[in-house]
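> Contents are PDB, C-alpha atoms; file name data-v8.pdb:
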```pdb
ATOM      1  CA  MET A   1      32.832 -48.669 -49.681
ATOM      2  CA  GLU A   2      35.553 -46.246 -50.702
ATOM      3  CA  THR A   3      35.373 -45.096 -54.303
ATOM      4  CA  ARG A   4      38.102 -43.459 -56.335
ATOM      5  CA  ARG A   5      37.864 -40.825 -59.033
ATOM      6  CA  ILE A   6      39.946 -38.268 -60.893
ATOM      7  CA  ARG A   7      40.072 -34.705 -59.557
ATOM      8  CA  GLY A   8      42.437 -32.183 -61.097
ATOM      9  CA  GLY A   9      44.194 -34.945 -62.993
ATOM     10  CA  VAL A  10      44.931 -36.854 -59.769
ATOM     11  CA  GLU A  11      43.213 -40.009 -58.563
ATOM     12  CA  VAL A  12      41.580 -39.362 -55.201
ATOM     13  CA  SER A  13      39.125 -41.139 -52.928
ATOM     14  CA  ASP A  14      36.015 -39.983 -51.121
ATOM     15  CA  ARG A  15      37.058 -41.143 -47.657
ATOM     16  CA  PHE A  16      36.228 -37.740 -46.186
ATOM     17  CA  ASP A  17      33.384 -36.680 -48.469
ATOM     18  CA  GLY A  18      31.470 -33.946 -46.631
ATOM     19  CA  ALA A  19      33.469 -34.281 -43.400
ATOM     20  CA  VAL A  20      34.400 -31.082 -41.588
ATOM     21  CA  VAL A  21      38.140 -31.087 -40.912
ATOM     22  CA  VAL A  22      40.102 -28.481 -38.940
ATOM     23  CA  VAL A  23      43.860 -28.338 -39.473
ATOM     24  CA  THR A  24      45.800 -25.930 -37.269
ATOM     25  CA  GLY A  25      49.054 -24.451 -38.532
ATOM     26  CA  ALA A  26      47.756 -25.088 -42.053
ATOM     27  CA  GLY A  27      49.282 -22.031 -43.708
ATOM     28  CA  LYS A  28      52.479 -23.813 -44.739
ATOM     29  CA  GLY A  29      54.574 -26.962 -44.454
ATOM     30  CA  ILE A  30      52.984 -30.149 -43.172
ATOM     31  CA  GLY A  31      49.771 -28.337 -42.261
ATOM     32  CA  GLU A  32      49.293 -27.010 -45.783
ATOM     33  CA  THR A  33      49.828 -30.472 -47.226
ATOM     34  CA  LEU A  34      47.314 -31.918 -44.771
ATOM     35  CA  ALA A  35      44.717 -29.320 -45.745
ATOM     36  CA  ARG A  36      45.233 -30.035 -49.431
ATOM     37  CA  ARG A  37      45.088 -33.802 -48.983
ATOM     38  CA  PHE A  38      41.882 -33.713 -46.927
ATOM     39  CA  ALA A  39      40.263 -31.377 -49.447
ATOM     40  CA  ALA A  40      41.290 -33.679 -52.303
ATOM     41  CA  GLU A  41      39.379 -36.466 -50.583
ATOM     42  CA  GLY A  42      36.170 -34.485 -50.291
ATOM     43  CA  ALA A  43      36.496 -32.801 -46.886
ATOM     44  CA  LYS A  44      35.311 -29.312 -46.019
ATOM     45  CA  VAL A  45      38.544 -27.935 -44.570
ATOM     46  CA  ALA A  46      39.075 -25.121 -42.095
ATOM     47  CA  VAL A  47      42.568 -23.823 -42.820
ATOM     48  CA  ALA A  48      43.520 -22.412 -39.424
ATOM     49  CA  ASP A  49      46.725 -20.475 -38.831
ATOM     50  CA  ILE A  50      48.002 -17.538 -36.798
ATOM     51  CA  ASP A  51      49.114 -16.058 -40.145
ATOM     52  CA  SER A  52      45.785 -15.117 -41.725
ATOM     53  CA  ASN A  53      47.374 -14.268 -45.085
ATOM     54  CA  ALA A  54      49.003 -17.695 -45.336
ATOM     55  CA  ALA A  55      45.737 -19.386 -44.369
ATOM     56  CA  GLU A  56      43.835 -17.396 -46.978
ATOM     57  CA  ALA A  57      46.342 -18.270 -49.699
ATOM     58  CA  VAL A  58      45.868 -21.983 -49.023
ATOM     59  CA  ALA A  59      42.098 -21.891 -48.583
ATOM     60  CA  THR A  60      41.377 -19.950 -51.770
ATOM     61  CA  SER A  61      43.036 -22.728 -53.780
ATOM     62  CA  LEU A  62      40.853 -25.461 -52.250
ATOM     63  CA  HIS A  63      37.245 -26.293 -53.007
ATOM     64  CA  GLY A  64      34.952 -25.739 -50.031
ATOM     65  CA  ALA A  65      37.709 -24.544 -47.686
ATOM     66  CA  VAL A  66      37.656 -21.548 -45.361
ATOM     67  CA  ALA A  67      40.575 -19.611 -43.884
ATOM     68  CA  LEU A  68      40.445 -18.764 -40.198
ATOM     69  CA  GLU A  69      42.966 -16.962 -38.008
ATOM     70  CA  VAL A  70      43.717 -18.597 -34.669
ATOM     71  CA  ASP A  71      46.237 -18.386 -31.856
ATOM     72  CA  VAL A  72      46.063 -21.911 -30.457
ATOM     73  CA  SER A  73      47.660 -20.792 -27.185
ATOM     74  CA  SER A  74      44.578 -18.641 -26.440
ATOM     75  CA  GLY A  75      41.427 -20.326 -25.201
ATOM     76  CA  SER A  76      39.175 -17.529 -26.454
ATOM     77  CA  SER A  77      40.796 -17.615 -29.898
ATOM     78  CA  VAL A  78      40.321 -21.375 -30.138
ATOM     79  CA  GLU A  79      36.691 -21.174 -29.004
ATOM     80  CA  HIS A  80      36.082 -18.492 -31.628
ATOM     81  CA  LEU A  81      37.669 -20.713 -34.286
ATOM     82  CA  VAL A  82      35.470 -23.699 -33.464
ATOM     83  CA  GLY A  83      32.376 -21.491 -33.350
ATOM     84  CA  GLU A  84      33.176 -20.054 -36.774
ATOM     85  CA  VAL A  85      33.753 -23.522 -38.202
ATOM     86  CA  ALA A  86      30.424 -24.729 -36.819
ATOM     87  CA  SER A  87      28.525 -21.783 -38.312
ATOM     88  CA  ARG A  88      30.247 -21.851 -41.697
ATOM     89  CA  LEU A  89      30.938 -25.541 -42.301
ATOM     90  CA  GLY A  90      29.219 -27.526 -39.556
ATOM     91  CA  PRO A  91      30.359 -29.408 -36.431
ATOM     92  CA  VAL A  92      33.951 -30.635 -36.478
ATOM     93  CA  ASP A  93      34.386 -34.264 -37.499
ATOM     94  CA  VAL A  94      38.191 -34.319 -37.565
ATOM     95  CA  LEU A  95      40.654 -32.108 -35.694
ATOM     96  CA  VAL A  96      44.333 -32.211 -36.623
ATOM     97  CA  ASN A  97      46.504 -30.474 -34.037
ATOM     98  CA  ASN A  98      49.461 -29.498 -36.179
ATOM     99  CA  ALA A  99      50.402 -25.950 -35.120
ATOM    100  CA  ALA A 100      53.775 -25.884 -33.363
ATOM    101  CA  ILE A 101      56.954 -23.890 -32.861
ATOM    102  CA  ALA A 102      60.462 -25.169 -32.150
ATOM    103  CA  GLU A 103      63.009 -22.452 -31.457
ATOM    104  CA  ALA A 104      64.635 -22.736 -28.037
ATOM    105  CA  ASP A 105      67.533 -25.220 -27.917
ATOM    106  CA  GLY A 106      69.595 -25.834 -24.781
ATOM    107  CA  ALA A 107      68.411 -25.588 -21.204
ATOM    108  CA  LEU A 108      70.955 -22.929 -20.215
ATOM    109  CA  VAL A 109      70.086 -20.607 -23.100
ATOM    110  CA  THR A 110      66.302 -21.047 -23.031
ATOM    111  CA  ASP A 111      64.713 -18.238 -21.080
ATOM    112  CA  GLU A 112      61.405 -18.444 -19.253
ATOM    113  CA  THR A 113      59.505 -16.572 -21.945
ATOM    114  CA  GLN A 114      60.723 -18.923 -24.669
ATOM    115  CA  TRP A 115      59.857 -21.988 -22.582
ATOM    116  CA  ASP A 116      56.371 -20.724 -21.779
ATOM    117  CA  ARG A 117      55.672 -19.818 -25.404
ATOM    118  CA  GLU A 118      56.638 -23.215 -26.797
ATOM    119  CA  ILE A 119      54.710 -25.139 -24.150
ATOM    120  CA  ALA A 120      51.708 -22.864 -24.755
ATOM    121  CA  VAL A 121      51.643 -23.482 -28.508
ATOM    122  CA  ASP A 122      52.865 -27.080 -28.673
ATOM    123  CA  LEU A 123      51.007 -28.608 -25.701
ATOM    124  CA  LYS A 124      48.434 -26.177 -24.348
ATOM    125  CA  GLY A 125      47.246 -25.478 -27.905
ATOM    126  CA  PRO A 126      46.249 -29.086 -28.678
ATOM    127  CA  PHE A 127      44.574 -29.322 -25.260
ATOM    128  CA  LEU A 128      42.533 -26.169 -25.860
ATOM    129  CA  SER A 129      41.609 -27.270 -29.377
ATOM    130  CA  ALA A 130      40.561 -30.734 -28.258
ATOM    131  CA  ARG A 131      38.554 -29.274 -25.378
ATOM    132  CA  ALA A 132      36.710 -26.998 -27.802
ATOM    133  CA  VAL A 133      35.621 -29.749 -30.220
ATOM    134  CA  LEU A 134      34.912 -32.537 -27.732
ATOM    135  CA  PRO A 135      31.426 -31.436 -26.563
ATOM    136  CA  SER A 136      30.019 -31.639 -30.096
ATOM    137  CA  MET A 137      31.784 -34.950 -30.723
ATOM    138  CA  ILE A 138      30.386 -36.349 -27.478
ATOM    139  CA  ASP A 139      26.867 -35.257 -28.442
ATOM    140  CA  ARG A 140      27.202 -36.994 -31.816
ATOM    141  CA  ARG A 141      29.130 -39.923 -30.342
ATOM    142  CA  ALA A 142      31.681 -39.640 -33.135
ATOM    143  CA  GLY A 143      34.823 -37.735 -33.939
ATOM    144  CA  VAL A 144      38.536 -38.022 -34.573
ATOM    145  CA  ILE A 145      41.494 -36.084 -33.208
ATOM    146  CA  VAL A 146      44.963 -36.588 -34.652
ATOM    147  CA  ASN A 147      47.873 -34.921 -32.883
ATOM    148  CA  ILE A 148      51.131 -34.183 -34.664
ATOM    149  CA  ALA A 149      53.698 -35.197 -32.064
ATOM    150  CA  SER A 150      57.381 -35.816 -32.887
ATOM    151  CA  VAL A 151      60.219 -38.269 -32.421
ATOM    152  CA  ASN A 152      61.448 -35.588 -30.001
ATOM    153  CA  GLY A 153      58.717 -36.788 -27.665
ATOM    154  CA  LEU A 154      60.119 -40.324 -27.801
ATOM    155  CA  GLY A 155      63.843 -39.663 -27.432
ATOM    156  CA  TYR A 156      66.345 -36.849 -27.162
ATOM    157  CA  PHE A 157      67.087 -34.962 -30.371
ATOM    158  CA  GLY A 158      67.660 -31.469 -28.959
ATOM    159  CA  LEU A 159      65.075 -28.678 -28.547
ATOM    160  CA  GLU A 160      64.272 -29.162 -24.861
ATOM    161  CA  ALA A 161      61.043 -27.138 -24.673
ATOM    162  CA  TYR A 162      59.642 -28.550 -27.910
ATOM    163  CA  SER A 163      60.590 -32.080 -26.858
ATOM    164  CA  ALA A 164      58.966 -31.739 -23.445
ATOM    165  CA  ALA A 165      55.795 -30.428 -25.065
ATOM    166  CA  LYS A 166      55.678 -33.271 -27.582
ATOM    167  CA  ALA A 167      56.187 -35.856 -24.831
ATOM    168  CA  GLY A 168      53.289 -34.230 -23.013
ATOM    169  CA  LEU A 169      51.210 -34.338 -26.193
ATOM    170  CA  ILE A 170      51.795 -38.073 -26.464
ATOM    171  CA  SER A 171      50.539 -38.500 -22.901
ATOM    172  CA  LEU A 172      47.548 -36.252 -23.639
ATOM    173  CA  THR A 173      46.743 -38.346 -26.709
ATOM    174  CA  ARG A 174      46.510 -41.506 -24.625
ATOM    175  CA  ALA A 175      44.497 -39.795 -21.902
ATOM    176  CA  LEU A 176      41.908 -38.387 -24.301
ATOM    177  CA  ALA A 177      41.654 -41.670 -26.185
ATOM    178  CA  THR A 178      40.957 -43.577 -22.979
ATOM    179  CA  ARG A 179      38.531 -41.103 -21.433
ATOM    180  CA  TYR A 180      36.477 -40.355 -24.532
ATOM    181  CA  GLY A 181      36.660 -43.674 -26.371
ATOM    182  CA  PRO A 182      33.302 -44.760 -24.889
ATOM    183  CA  TYR A 183      31.717 -41.840 -26.777
ATOM    184  CA  GLY A 184      32.985 -43.156 -30.110
ATOM    185  CA  ILE A 185      35.808 -40.631 -30.275
ATOM    186  CA  ARG A 186      39.218 -41.750 -31.487
ATOM    187  CA  VAL A 187      42.423 -39.897 -30.589
ATOM    188  CA  ASN A 188      45.787 -40.828 -32.088
ATOM    189  CA  ALA A 189      49.147 -39.212 -32.785
ATOM    190  CA  VAL A 190      51.863 -39.422 -35.376
ATOM    191  CA  ALA A 191      55.488 -38.793 -34.452
ATOM    192  CA  PRO A 192      57.403 -37.538 -37.492
ATOM    193  CA  GLY A 193      61.144 -37.524 -37.801
ATOM    194  CA  SER A 194      62.954 -34.857 -39.830
ATOM    195  CA  VAL A 195      60.625 -33.642 -42.572
ATOM    196  CA  VAL A 196      61.849 -31.376 -45.364
ATOM    197  CA  THR A 197      59.750 -28.194 -45.184
ATOM    198  CA  PRO A 198      60.499 -24.449 -45.348
ATOM    199  CA  ALA A 199      61.122 -24.633 -41.580
ATOM    200  CA  TRP A 200      64.620 -25.873 -42.462
ATOM    201  CA  ASP A 201      65.483 -22.825 -44.582
ATOM    202  CA  LYS A 202      67.216 -20.893 -41.781
ATOM    203  CA  SER A 203      69.305 -23.906 -40.766
ATOM    204  CA  ILE A 204      70.276 -24.616 -44.368
ATOM    205  CA  ALA A 205      71.341 -20.984 -44.839
ATOM    206  CA  VAL A 206      73.822 -21.385 -41.971
ATOM    207  CA  ASP A 207      74.783 -25.013 -42.665
ATOM    208  CA  PRO A 208      74.054 -26.046 -46.289
ATOM    209  CA  ASP A 209      75.000 -29.698 -45.676
ATOM    210  CA  ILE A 210      72.814 -30.289 -42.630
ATOM    211  CA  LEU A 211      70.137 -32.349 -44.377
ATOM    212  CA  GLU A 212      72.696 -34.545 -46.086
ATOM    213  CA  ARG A 213      74.355 -35.271 -42.738
ATOM    214  CA  LEU A 214      71.039 -36.030 -41.070
ATOM    215  CA  ARG A 215      69.934 -38.367 -43.850
ATOM    216  CA  LYS A 216      72.475 -41.027 -42.907
ATOM    217  CA  TRP A 217      70.778 -41.551 -39.528
ATOM    218  CA  TYR A 218      67.595 -42.786 -41.188
ATOM    219  CA  PRO A 219      67.546 -46.511 -42.029
ATOM    220  CA  LEU A 220      65.444 -45.813 -45.142
ATOM    221  CA  GLY A 221      68.153 -43.457 -46.364
ATOM    222  CA  ARG A 222      66.135 -40.274 -46.841
ATOM    223  CA  MET A 223      64.428 -37.439 -45.039
ATOM    224  CA  GLY A 224      60.666 -37.344 -44.714
ATOM    225  CA  THR A 225      58.226 -35.351 -46.822
ATOM    226  CA  PRO A 226      54.953 -33.688 -45.793
ATOM    227  CA  ASP A 227      53.113 -36.314 -47.828
ATOM    228  CA  ASP A 228      54.711 -39.078 -45.743
ATOM    229  CA  VAL A 229      53.123 -37.521 -42.675
ATOM    230  CA  ALA A 230      49.834 -36.841 -44.458
ATOM    231  CA  ASP A 231      49.520 -40.472 -45.542
ATOM    232  CA  ALA A 232      49.630 -41.563 -41.900
ATOM    233  CA  VAL A 233      47.318 -38.809 -40.646
ATOM    234  CA  LEU A 234      44.645 -39.455 -43.259
ATOM    235  CA  PHE A 235      44.742 -43.163 -42.501
ATOM    236  CA  LEU A 236      44.299 -42.582 -38.767
ATOM    237  CA  ALA A 237      41.492 -40.109 -39.436
ATOM    238  CA  SER A 238      39.647 -42.472 -41.762
ATOM    239  CA  GLU A 239      37.250 -45.348 -41.152
ATOM    240  CA  GLN A 240      40.082 -47.654 -42.190
ATOM    241  CA  ALA A 241      41.421 -47.029 -38.674
ATOM    242  CA  ALA A 242      38.029 -47.457 -36.975
ATOM    243  CA  TRP A 243      39.442 -49.731 -34.262
ATOM    244  CA  ILE A 244      42.635 -47.798 -33.644
ATOM    245  CA  THR A 245      42.862 -45.275 -30.830
ATOM    246  CA  GLY A 246      45.459 -44.135 -28.325
ATOM    247  CA  VAL A 247      48.397 -45.034 -30.560
ATOM    248  CA  VAL A 248      51.509 -43.023 -31.365
ATOM    249  CA  LEU A 249      52.686 -43.910 -34.857
ATOM    250  CA  PRO A 250      56.306 -43.015 -35.662
ATOM    251  CA  VAL A 251      56.615 -41.701 -39.214
ATOM    252  CA  ASP A 252      60.366 -41.502 -39.138
ATOM    253  CA  GLY A 253      62.063 -43.661 -41.739
ATOM    254  CA  GLY A 254      63.097 -46.090 -38.996
ATOM    255  CA  LEU A 255      64.919 -43.527 -36.843
ATOM    256  CA  THR A 256      63.449 -44.690 -33.529
ATOM    257  CA  ALA A 257      63.782 -48.384 -34.404
ATOM    258  CA  GLY A 258      67.492 -48.338 -33.642
ATOM    259  CA  ASN A 259      70.759 -46.489 -34.096
ATOM    260  CA  GLY A 260      71.892 -47.727 -37.479
ATOM    261  CA  VAL A 261      75.018 -45.557 -37.613
ATOM    262  CA  MET A 262      76.227 -46.858 -34.244
ATOM    263  CA  THR A 263      75.346 -50.425 -35.207
ATOM    264  CA  ARG A 264      77.399 -50.173 -38.391
ATOM    265  CA  GLU A 265      80.390 -49.246 -36.257
ATOM    266  CA  LEU A 266      79.803 -52.137 -33.870
ATOM    267  CA  LEU A 267      79.420 -54.646 -36.709
ATOM    268  CA  SER A 268      82.080 -53.218 -39.004
ATOM    269  CA  ARG A 269      84.146 -56.436 -38.871
ATOM    270  CA  THR A 270      81.338 -58.935 -39.386
ATOM    271  CA  LYS A 271      80.915 -60.876 -42.620
ATOM    272  CA  GLU A 272      77.507 -59.354 -43.283
ATOM    273  CA  PRO A 273      77.824 -55.593 -42.944
ATOM    274  CA  PHE A 274      75.008 -53.107 -43.190
ATOM    275  CA  ALA A 275      74.289 -51.416 -46.501
ATOM    276  CA  PRO A 276      76.383 -48.310 -47.204
ATOM    277  CA  LEU A 277      75.364 -45.224 -45.271
ATOM    278  CA  GLY A 278      72.607 -43.311 -46.966
ATOM    279  CA  GLY A 279      71.437 -46.300 -48.993
ATOM    280  CA  GLY A 280      67.885 -46.356 -50.254
ATOM    281  CA  GLU A 281      65.690 -43.788 -51.914
ATOM    282  CA  GLN A 282      67.105 -40.313 -52.172
ATOM    283  CA  SER A 283      65.117 -37.227 -51.208
TER     284      SER A 283
END
```
Can you turn what I pasted into structure tokens?

Amino acid sequence: METRRIRGGVEVSDRFDGAVVVVTGAGKGIGETLARRFAAEGAKVAVADIDSNAAEAVATSLHGAVALEVDVSSGSSVEHLVGEVASRLGPVDVLVNNAAIAEADGALVTDETQWDREIAVDLKGPFLSARAVLPSMIDRRAGVIVNIASVNGLGYFGLEAYSAAKAGLISLTRALATRYGPYGIRVNAVAPGSVVTPAWDKSIAVDPDILERLRKWYPLGRMGTPDDVADAVLFLASEQAAWITGVVLPVDGGLTAGNGVMTRELLSRTKEPFAPLGGGEQS
């Protein structure tokens, strides 16, 4: 039974007490939040990132965590990562494939190098990482993989290479869940919408109002936070989701449920209009 206690002035649970958790792209943003949340619930966390300094900064602030450099697009780098985790923390219980890049936007202006790089990190990376941890999970007949997909894998929101990779990751999630379910391994994905992280800084510098304009497209009236994503990931990784595998859970404030802005226009003359744009909790 899950117990709760106070750690660092915050109430936490022991859902992952002693579990070995690898989070890729954990040096900042959603990945950093995931690493911190798993550690707060008792996990031994491998903070994996291509930026070793960022990984080290996160890991040194967490009890029982280690920082490891990895290029998820390289099979040898990923194998080295998993070997280091096994020797320093133990076999991997939970893998969170979070590392990703999203830079190329527009088919006519995306060159071959950009396309290959994004597919390599965003799709090949999760494949290589899953392939590296699966043998140990199969031997133990237990393990969890959670892939960070995106609403871009469910519909068109720009970023062609990133979107194609995330759609592929959703397919990979279902394939791995089906093939390796008989070994007690669960594989799920979350599909976040727009989440406020430092990744937006460049866009905000060029267009300071971009987040405010985007907010109106979300039925819940706000952008997402890294903790919104972490709540879903930790649930799917926990025993509370013991009979859930092969799912893709949108964590998107209702974005993929329907086009609320368009619907407001269609129903503008009805007696029961939608709430004002941007209603709900503010970010």
> Quick one: what's the axis-aligned box for segment 138-141 of chain A, all listed atoms, 5 Å on every side, centre and edges in Å to one decimal, as AutoDock Vina command-line options?

```
--center_x 28.6 --center_y -37.6 --center_z -29.6 --size_x 13.5 --size_y 14.7 --size_z 14.3
```
> Using only C-alpha atoms, which residue out of A:Ala167, A:Leu154, A:Ala39, A:Thr24 lies closest to Ser129 of chain A?
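Answer, going by the shortest atom-to-atom distance: A:Thr24.
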> Just the residues within 10 Å of Leu176 of chain A, please, counting all atoms listed in the file, with nothing from its chain fewer than 6 positions along; format it as a list in words.
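Surrounding residues, per the criterion: Phe127, Ala130, Arg131, Leu134, Ile145, Ile185, Arg186, Val187, Asn188, Thr245 and Gly246 of chain A.
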> Name the residues, using the chain letters and numbers of the file, that sit within 7 Å of (53.8, -35.1, -37.8) when counting all atoms listed in the file, and give them as a PyMOL selection string.
chain A and resi 148-150+190-192+229
> Can you list, as a PDB file with C-alpha atoms, in the coordinates of the input, every protein, DNA or RNA residue that comes within 12 Å of Leu211 of chain A when you count all atoms listed in the file, leaving out same-chain residues fewer than 4 positions away?

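Output contents, as saved in result_30.pdb:
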```pdb
ATOM      1  CA  SER A 194      62.954 -34.857 -39.830  1.00  0.00           C
ATOM      2  CA  VAL A 195      60.625 -33.642 -42.572  1.00  0.00           C
ATOM      3  CA  VAL A 196      61.849 -31.376 -45.364  1.00  0.00           C
ATOM      4  CA  THR A 197      59.750 -28.194 -45.184  1.00  0.00           C
ATOM      5  CA  TRP A 200      64.620 -25.873 -42.462  1.00  0.00           C
ATOM      6  CA  ASP A 201      65.483 -22.825 -44.582  1.00  0.00           C
ATOM      7  CA  SER A 203      69.305 -23.906 -40.766  1.00  0.00           C
ATOM      8  CA  ILE A 204      70.276 -24.616 -44.368  1.00  0.00           C
ATOM      9  CA  ALA A 205      71.341 -20.984 -44.839  1.00  0.00           C
ATOM     10  CA  VAL A 206      73.822 -21.385 -41.971  1.00  0.00           C
ATOM     11  CA  ASP A 207      74.783 -25.013 -42.665  1.00  0.00           C
ATOM     12  CA  ARG A 215      69.934 -38.367 -43.850  1.00  0.00           C
ATOM     13  CA  LYS A 216      72.475 -41.027 -42.907  1.00  0.00           C
ATOM     14  CA  TRP A 217      70.778 -41.551 -39.528  1.00  0.00           C
ATOM     15  CA  TYR A 218      67.595 -42.786 -41.188  1.00  0.00           C
ATOM     16  CA  GLY A 221      68.153 -43.457 -46.364  1.00  0.00           C
ATOM     17  CA  ARG A 222      66.135 -40.274 -46.841  1.00  0.00           C
ATOM     18  CA  MET A 223      64.428 -37.439 -45.039  1.00  0.00           C
ATOM     19  CA  GLY A 224      60.666 -37.344 -44.714  1.00  0.00           C
ATOM     20  CA  GLY A 278      72.607 -43.311 -46.966  1.00  0.00           C
ATOM     21  CA  GLN A 282      67.105 -40.313 -52.172  1.00  0.00           C
ATOM     22  CA  SER A 283      65.117 -37.227 -51.208  1.00  0.00           C
TER      23      SER A 283
END
```
> Report, in Å to a single decimal, how far apart atom CA of Ala189 of chain A and atom CA of Leu128 of chain A are.
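Result for atom CA of Leu128 of chain A versus atom CA of Ala189 of chain A: 16.2 Å, one decimal.
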> For atom CA of Lys28 of chain A and atom CA of Ala55 of chain A, quote the distance in Å rounded to one decimal.
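Taking atom CA of Lys28 of chain A and atom CA of Ala55 of chain A, their separation equals 8.1 Å.
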> Could you tell me, as number ranges by chain, exactly which residues end up selected when the PyMOL selection byres ((chain A and resi 77-84) around 7) is applied to this structure?
A: 68, 70-72, 74-76, 85-88, 128-129, 132-133
> Can you tell me which residues surround segment 258-266 of chain A at a distance of at most 7 Å, considering only C-alpha atoms, apart from same-chain residues fewer than 2 positions away, and format the answer as a list in words?
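My reading of the contact set: Trp217, Pro219, Leu255, Thr256, Ser268 and Phe274 of chain A.
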> So what do you get for atom CA of Val151 of chain A versus atom CA of Asp209 of chain A, distance-wise?
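Here the two named atoms are 21.6 Å from each other.
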> I'd like the residues picked by the PyMOL selection byres ((chain A and resi 64) around 6) written out as a PyMOL selection string, using the chain letters and numbers from the file.
chain A and resi 44+63+65
> Pick out the closest residue to Arg141 of chain A from this set: A:Pro208, A:Asp93, A:Gly42, A:Asp49. Count all atoms listed in the file.
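Closest to Arg141 of chain A of all the choices is A:Asp93.
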> Select, from A:Ala104, A:Val92, A:Ala40, A:Ala165, the residue with the minimum atom-to-atom distance to Arg140 of chain A, counting all atoms listed in the file.
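The answer is A:Val92, which sits nearest to Arg140 of chain A.
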> Running the PyMOL selection byres ((chain A and resi 22) around 8) on this model by hand, what would come out? Give it as a list of chain:residue names.
A:Val20, A:Val21, A:Val23, A:Thr24, A:Val45, A:Ala46, A:Val47, A:Ala48, A:Val92, A:Val94, A:Leu95, A:Val96
> Using only C-alpha atoms, find the one residue out of A:Glu239, A:Asp51, A:Asp14, A:Asp105 that sits nearest to Ala67 of chain A.
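Distance minimum relative to Ala67 of chain A lands on A:Asp51.
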> Pick the closest to Phe235 of chain A from A:Met137, A:Ala43, A:Ala35, A:Val146: which is it, counting all atoms listed in the file?
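Residue with the minimum atom-to-atom distance to Phe235 of chain A: A:Val146.
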> I'd like to know which of A:Ala257, A:Val66, A:Ala100, A:Val109 is closest to Lys166 of chain A, using all atoms listed in the file.
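Comparing A:Ala257, A:Val66, A:Ala100, A:Val109 against Lys166 of chain A, the winner is A:Ala100.
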> Residues at most 9 Å from Glu41 of chain A, counting all atoms listed in the file, excluding those fewer than 3 positions away in the same chain, as a PDB file with C-alpha atoms, in the coordinates of the input?

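Output contents, as saved in part_8.pdb:
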```pdb
ATOM      1  CA  VAL A  12      41.580 -39.362 -55.201  1.00  0.00           C
ATOM      2  CA  SER A  13      39.125 -41.139 -52.928  1.00  0.00           C
ATOM      3  CA  ASP A  14      36.015 -39.983 -51.121  1.00  0.00           C
ATOM      4  CA  ARG A  15      37.058 -41.143 -47.657  1.00  0.00           C
ATOM      5  CA  PHE A  16      36.228 -37.740 -46.186  1.00  0.00           C
ATOM      6  CA  ASP A  17      33.384 -36.680 -48.469  1.00  0.00           C
ATOM      7  CA  ARG A  36      45.233 -30.035 -49.431  1.00  0.00           C
ATOM      8  CA  ARG A  37      45.088 -33.802 -48.983  1.00  0.00           C
ATOM      9  CA  PHE A  38      41.882 -33.713 -46.927  1.00  0.00           C
TER      10      PHE A  38
END
```
